[in-house]
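So the structure is just underneath, and the comments pick up after that.
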Amino acid sequence: MPVEFGSSFRIFALDGLKLKMSGFLESTHEFEKRLKTYGLADLKDKFVAKGWTTLNSFAMAGSYIPGTSGQESLVNDIYKPILGEDALNDNRQIGVKRLFWDAFVGHATELKRRANVEEGDERIKRMPN
């Protein structure tokens, strides 16, 4: 339920968990923190050049789906643009893969949450007066 101010202005407040999940996936700060965690901070400019500045944007980096066979897309769409042509011999590929898994799982979880809205399920809460 929205809180209304006049006839055309409305403010919506999401509950804390959903707000944190969306904010987390769209946060450039969180993405940069993950780059440091996985030893990829020196590659930040390459990620930015590809437009991968948040977990959500990186989750859509290629057609590779974690857990499936065949990693050609992972190598061609993600490893090589970041690590170069000799990507498979670069030990940072593990960090790139872990970062992609984090991004993909977070993005998929958020999409599933949005798709599973049932009738009467209140995703929007009234702001206190």
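Residue names in the structure tokens use chain letters A, B, ... in the order shown, residue numbers from 1 in each chain, and ligand numbers from 1 in the order shown.
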Using only C-alpha atoms, determine which residues lie at most 8 Å from range 45-53 of chain A, disregarding the query and same-chain residues fewer than 2 positions distant; provide the list as JSON, numbers by chain. {"A": [28, 31, 32, 42, 43, 55, 57, 58, 61, 81, 82]}
Just to be explicit: take each residue in the selection above, keep C-alpha atoms, and write the result as a PDB file, in the first residue's frame.
```
ATOM      1  CA  THR A  28      29.133  -0.419  -7.619  1.00  0.00           C
ATOM      2  CA  PHE A  31      31.093  -4.969  -6.921  1.00  0.00           C
ATOM      3  CA  GLU A  32      34.436  -3.259  -6.268  1.00  0.00           C
ATOM      4  CA  ASP A  42      43.870  -4.599 -10.710  1.00  0.00           C
ATOM      5  CA  LEU A  43      41.400  -5.602 -13.449  1.00  0.00           C
ATOM      6  CA  LEU A  55      26.775  -7.727  -9.892  1.00  0.00           C
ATOM      7  CA  SER A  57      25.462  -6.163 -15.045  1.00  0.00           C
ATOM      8  CA  PHE A  58      28.142  -8.843 -14.691  1.00  0.00           C
ATOM      9  CA  ALA A  61      27.959 -10.789 -19.240  1.00  0.00           C
ATOM     10  CA  PRO A  81      37.886  -9.849 -22.378  1.00  0.00           C
ATOM     11  CA  ILE A  82      39.137  -9.569 -18.798  1.00  0.00           C
TER      12      ILE A  82
END
```
Contacts of range 66-71 of chain A at 10 Å (only C-alpha atoms; same-chain gap of 6+ positions) as a ChimeraX atom specification: /A:77,97,100-101,104-105
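The residues of range 10-126 of chain A that DSSP assigns to strand (DSSP E or B) on this backbone come out as Arg10, Ile11, Ala13, Leu14, Ile124 and Lys125 of chain A.
Between Gly39 in chain A and the residues A:Ala103, A:Val75, A:Ala87, A:Ile94, the shortest atom-to-atom distance, using only C-alpha atoms, involves A:Ile94.
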Could you pull the residues within 7 Å of range 23-25 of chain A, counting only C-alpha atoms, minus those fewer than 6 positions along the same chain, as a PyMOL selection string? chain A and resi 54-56+106
Restricting it to C-alpha atoms, dump the selection as a PDB file, in the first residue's frame.
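Generated output (part-v3.pdb):
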```pdb
ATOM      1  CA  THR A  54      27.581  -4.121 -10.683  1.00  0.00           C
ATOM      2  CA  LEU A  55      26.775  -7.727  -9.892  1.00  0.00           C
ATOM      3  CA  ASN A  56      23.590  -7.422 -11.992  1.00  0.00           C
ATOM      4  CA  GLY A 106      22.125 -13.225  -6.877  1.00  0.00           C
TER       5      GLY A 106
END
```
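Here the question is which of A:His29, A:Arg98, A:Arg34, A:Lys44 gets nearest to Leu74 in chain A using only C-alpha atoms, and that residue is A:Arg98.
Note that the spacing between CA of Lys33 in chain A and CA of Ala115 in chain A amounts to 28.9 Å.
CA of Lys36 in chain A to CA of Asp102 in chain A spans 14.0 Å [interatomic distance, one decimal].
For the atom pair formed by CA of Leu88 in chain A and CA of Glu72 in chain A, the distance is 11.3 Å, given to one decimal.
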